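Worksheet: the structure to be examined is printed underneath.
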Amino acid sequence: IDRAISYAKKFSALVCIAGLIFGGLLILCIPVLLNVFSVSNALRPDIIKIFVIMGSLMALKAFNAFIVIGVLRSGGDTKFALFLELGCMWLVSLPLTFLAAFKGLPIFVLVALTYTEEIAKFMFGVPRALSKKWAANIVKELN
């Protein structure tokens, strides 16, 4: 259990660093991506904003995926992980995005609102991970 907690701490730092690096690379590669996918001049400003949003929040998304899958689920806290993912999506992200779409807000705002799920996951997932309630031996002893 102690080793799992130690690995969780180390990997969470690595995941954040990788998310920052790849998010930065995404932002740096925006001009190349626009040319590769032949984005029209009319769509360019919105697509650039979408890529900046995605790149800026990539570390948060990667960290949350690690917390939910790599920590909570692998430690046996599957019910909390399930409720965390479903609750953040259905109670936070989807309603906000739906209301914004209904009001006719621009597409890049809708994309940003889908990331409210990640903010909520962070707010509820990190305290659970820090509490160490997830850390359980889920493998029978083989003596």
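Identifiers in this document derive from the order of the structure tokens: chains are assigned A, B, ..., residues are numbered from 1 separately in each chain, and ligands are numbered from 1 in order of occurrence.
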
- Item | Spatial neighbours of Met54 in chain A, 9 Å, only C-alpha atoms, chain gap at least 2 places, as an MDAnalysis selection string | chainID A and resid 23 26:27 49:52 56:58 111:112 115

- Message: Excluding Val68 in chain A and its own-chain neighbours fewer than 3 positions away, which residues fall within 9 Å of it when counting only C-alpha atoms? Please give them as number ranges by chain.
- Response: A: 63-65, 71-74, 78, 80-82, 84-85, 121, 125, 129

- Message: Under the rule that only C-alpha atoms are counted, which of A:Ile67, A:Ile53, A:Ile21, A:Ala4 is the nearest residue to Phe124 in chain A?
- Response: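 The shortest atom-to-atom distance to Phe124 in chain A comes from A:Ile67.
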
- Message: Could you check the closest approach to Ala13 in chain A for each of A:Phe102, A:Phe37, A:Phe108, A:Phe66 and tell me which residue wins, using only C-alpha atoms?
- Response: A:Phe66

Show me a table, sorted first by chain and then by increasing residue number, of the residues of range 5-89 of chain A having an atom at most 12 Å from range 95-98 of chain A, each with its shortest atom pair and the distance in Å to one decimal, counting only C-alpha atoms and written as CSV.
residue,atom,partner,partner_atom,distance
A:Gly87,CA,A:Pro95,CA,11.2
A:Cys88,CA,A:Pro95,CA,10.2
A:Met89,CA,A:Pro95,CA,8.5

For the residues selected in the previous step, produce a file with N, CA, C and O atoms as a PDB file, in the first residue's frame.
ATOM      1  N   GLY A  87     -20.882  12.098 -12.366  1.00  0.00           N
ATOM      2  CA  GLY A  87     -21.400  13.320 -11.755  1.00  0.00           C
ATOM      3  C   GLY A  87     -20.840  14.571 -12.393  1.00  0.00           C
ATOM      4  O   GLY A  87     -21.577  15.517 -12.687  1.00  0.00           O
ATOM      5  N   CYS A  88     -19.539  14.586 -12.620  1.00  0.00           N
ATOM      6  CA  CYS A  88     -18.921  15.771 -13.211  1.00  0.00           C
ATOM      7  C   CYS A  88     -19.394  16.003 -14.640  1.00  0.00           C
ATOM      8  O   CYS A  88     -19.586  17.146 -15.057  1.00  0.00           O
ATOM      9  N   MET A  89     -19.613  14.921 -15.369  1.00  0.00           N
ATOM     10  CA  MET A  89     -20.068  15.073 -16.743  1.00  0.00           C
ATOM     11  C   MET A  89     -21.547  15.476 -16.790  1.00  0.00           C
ATOM     12  O   MET A  89     -21.903  16.460 -17.419  1.00  0.00           O
TER      13      MET A  89
END

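Neighbouring residues of Leu113 in chain A at 9 Å or closer, counting only C-alpha atoms and skipping chain neighbours under 3 positions away, are Ser93, Leu94, Leu96, Thr97, Ala100, Phe108, Val109, Leu110, Thr116 and Glu117 of chain A.
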
Please dump the current selection as a PDB file, in the first residue's frame; keep all heavy atoms.
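Result written to part_36.pdb:
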ATOM      1  N   SER A  93     -20.630  19.579 -16.634  1.00  0.00           N
ATOM      2  CA  SER A  93     -20.215  19.898 -18.000  1.00  0.00           C
ATOM      3  C   SER A  93     -21.371  19.925 -19.005  1.00  0.00           C
ATOM      4  O   SER A  93     -21.539  20.901 -19.745  1.00  0.00           O
ATOM      5  CB  SER A  93     -19.158  18.895 -18.447  1.00  0.00           C
ATOM      6  OG  SER A  93     -18.791  19.112 -19.776  1.00  0.00           O
ATOM      7  N   LEU A  94     -22.150  18.859 -19.065  1.00  0.00           N
ATOM      8  CA  LEU A  94     -23.223  18.798 -20.061  1.00  0.00           C
ATOM      9  C   LEU A  94     -24.299  19.859 -19.876  1.00  0.00           C
ATOM     10  O   LEU A  94     -24.686  20.514 -20.856  1.00  0.00           O
ATOM     11  CB  LEU A  94     -23.831  17.402 -20.115  1.00  0.00           C
ATOM     12  CG  LEU A  94     -22.945  16.342 -20.763  1.00  0.00           C
ATOM     13  CD1 LEU A  94     -23.600  14.972 -20.691  1.00  0.00           C
ATOM     14  CD2 LEU A  94     -22.602  16.698 -22.184  1.00  0.00           C
ATOM     15  N   LEU A  96     -24.044  22.854 -18.469  1.00  0.00           N
ATOM     16  CA  LEU A  96     -23.479  24.165 -18.817  1.00  0.00           C
ATOM     17  C   LEU A  96     -23.289  24.310 -20.321  1.00  0.00           C
ATOM     18  O   LEU A  96     -23.616  25.346 -20.906  1.00  0.00           O
ATOM     19  CB  LEU A  96     -22.147  24.373 -18.097  1.00  0.00           C
ATOM     20  CG  LEU A  96     -22.215  24.642 -16.606  1.00  0.00           C
ATOM     21  CD1 LEU A  96     -20.813  24.672 -16.004  1.00  0.00           C
ATOM     22  CD2 LEU A  96     -22.940  25.944 -16.325  1.00  0.00           C
ATOM     23  N   THR A  97     -22.760  23.270 -20.941  1.00  0.00           N
ATOM     24  CA  THR A  97     -22.528  23.317 -22.389  1.00  0.00           C
ATOM     25  C   THR A  97     -23.846  23.387 -23.143  1.00  0.00           C
ATOM     26  O   THR A  97     -23.979  24.138 -24.117  1.00  0.00           O
ATOM     27  CB  THR A  97     -21.708  22.092 -22.837  1.00  0.00           C
ATOM     28  OG1 THR A  97     -20.513  22.027 -22.051  1.00  0.00           O
ATOM     29  CG2 THR A  97     -21.338  22.182 -24.306  1.00  0.00           C
ATOM     30  N   ALA A 100     -25.295  26.911 -22.845  1.00  0.00           N
ATOM     31  CA  ALA A 100     -24.528  27.837 -23.681  1.00  0.00           C
ATOM     32  C   ALA A 100     -24.842  27.634 -25.165  1.00  0.00           C
ATOM     33  O   ALA A 100     -24.964  28.601 -25.917  1.00  0.00           O
ATOM     34  CB  ALA A 100     -23.037  27.663 -23.422  1.00  0.00           C
ATOM     35  N   PHE A 108     -16.030  27.950 -29.552  1.00  0.00           N
ATOM     36  CA  PHE A 108     -14.888  27.867 -28.643  1.00  0.00           C
ATOM     37  C   PHE A 108     -15.331  28.022 -27.186  1.00  0.00           C
ATOM     38  O   PHE A 108     -14.712  27.455 -26.292  1.00  0.00           O
ATOM     39  CB  PHE A 108     -13.791  28.877 -29.008  1.00  0.00           C
ATOM     40  CG  PHE A 108     -14.188  30.320 -28.867  1.00  0.00           C
ATOM     41  CD1 PHE A 108     -13.995  30.983 -27.668  1.00  0.00           C
ATOM     42  CD2 PHE A 108     -14.738  31.010 -29.940  1.00  0.00           C
ATOM     43  CE1 PHE A 108     -14.350  32.311 -27.537  1.00  0.00           C
ATOM     44  CE2 PHE A 108     -15.101  32.335 -29.812  1.00  0.00           C
ATOM     45  CZ  PHE A 108     -14.905  32.991 -28.603  1.00  0.00           C
ATOM     46  N   VAL A 109     -16.415  28.746 -26.937  1.00  0.00           N
ATOM     47  CA  VAL A 109     -16.957  28.848 -25.574  1.00  0.00           C
ATOM     48  C   VAL A 109     -17.538  27.495 -25.161  1.00  0.00           C
ATOM     49  O   VAL A 109     -17.375  27.062 -24.020  1.00  0.00           O
ATOM     50  CB  VAL A 109     -18.019  29.961 -25.480  1.00  0.00           C
ATOM     51  CG1 VAL A 109     -18.699  29.958 -24.113  1.00  0.00           C
ATOM     52  CG2 VAL A 109     -17.401  31.320 -25.766  1.00  0.00           C
ATOM     53  N   LEU A 110     -18.203  26.820 -26.090  1.00  0.00           N
ATOM     54  CA  LEU A 110     -18.752  25.496 -25.799  1.00  0.00           C
ATOM     55  C   LEU A 110     -17.643  24.509 -25.465  1.00  0.00           C
ATOM     56  O   LEU A 110     -17.770  23.716 -24.525  1.00  0.00           O
ATOM     57  CB  LEU A 110     -19.592  24.989 -26.968  1.00  0.00           C
ATOM     58  CG  LEU A 110     -20.781  25.852 -27.383  1.00  0.00           C
ATOM     59  CD1 LEU A 110     -21.511  25.230 -28.559  1.00  0.00           C
ATOM     60  CD2 LEU A 110     -21.712  26.079 -26.220  1.00  0.00           C
ATOM     61  N   THR A 116     -15.225  22.241 -17.948  1.00  0.00           N
ATOM     62  CA  THR A 116     -15.648  22.423 -16.556  1.00  0.00           C
ATOM     63  C   THR A 116     -15.729  21.073 -15.854  1.00  0.00           C
ATOM     64  O   THR A 116     -15.588  20.999 -14.633  1.00  0.00           O
ATOM     65  CB  THR A 116     -17.003  23.155 -16.471  1.00  0.00           C
ATOM     66  OG1 THR A 116     -17.994  22.427 -17.194  1.00  0.00           O
ATOM     67  CG2 THR A 116     -16.887  24.574 -17.000  1.00  0.00           C
ATOM     68  N   GLU A 117     -15.936  20.023 -16.618  1.00  0.00           N
ATOM     69  CA  GLU A 117     -15.905  18.666 -16.066  1.00  0.00           C
ATOM     70  C   GLU A 117     -14.559  18.393 -15.410  1.00  0.00           C
ATOM     71  O   GLU A 117     -14.485  17.814 -14.322  1.00  0.00           O
ATOM     72  CB  GLU A 117     -16.176  17.656 -17.177  1.00  0.00           C
ATOM     73  CG  GLU A 117     -15.990  16.225 -16.780  1.00  0.00           C
ATOM     74  CD  GLU A 117     -16.165  15.248 -17.948  1.00  0.00           C
ATOM     75  OE1 GLU A 117     -16.481  15.671 -19.067  1.00  0.00           O
ATOM     76  OE2 GLU A 117     -15.980  14.048 -17.696  1.00  0.00           O
TER      77      GLU A 117
END

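As for CA of Ile5 in chain A and CA of Gly75 in chain A, they are spaced 9.4 Å apart.
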
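If you look at CA of Phe22 in chain A and CA of Gly55 in chain A, they are 7.5 Å away from each other.
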
- Message: I'd like to know which of A:Ala136, A:Val36, A:Ile30, A:Ala59 is closest to Leu14 in chain A, using only C-alpha atoms.
- Response: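 Of the candidates, the smallest distance to Leu14 in chain A is held by A:Ala59.
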
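Neighbouring residues of Ala135 in chain A at 7 Å or closer, counting only C-alpha atoms and skipping chain neighbours under 2 positions away, are A:Ile1, A:Gly75, A:Lys132, A:Lys133, A:Asn137.
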
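Counting only C-alpha atoms, Phe122 in chain A has the following residues at most 8 Å away, ignoring those fewer than 4 positions along the same chain: A:Leu60, A:Asn64, A:Glu118, A:Val126.
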
Written selection (N, CA and C atoms) as a compact mmCIF listing (two decimals), in the first residue's frame:
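The result, stored in part-v8.txt:
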# COMPACT_ATOMS: atom_id res chain seq x y z
N LEU A 60 -4.27 19.38 -17.04
CA LEU A 60 -5.36 19.10 -16.11
C LEU A 60 -6.13 17.85 -16.51
N ASN A 64 -6.26 14.44 -14.28
CA ASN A 64 -7.53 13.86 -13.84
C ASN A 64 -7.71 12.43 -14.32
N GLU A 118 -13.50 18.81 -16.07
CA GLU A 118 -12.15 18.56 -15.54
C GLU A 118 -11.90 19.36 -14.28
N VAL A 126 -8.94 15.13 -6.23
CA VAL A 126 -7.67 15.32 -5.51
C VAL A 126 -7.84 15.09 -4.00

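Note that the spacing between CA of Ala18 in chain A and CA of Ala62 in chain A amounts to 8.3 Å.
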
- Which one is closest to Lys79 in chain A: A:Ile17, A:Ile107, A:Ile119, A:Trp134? Count only C-alpha atoms.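 Among the listed residues, A:Trp134 lies closest to Lys79 in chain A.
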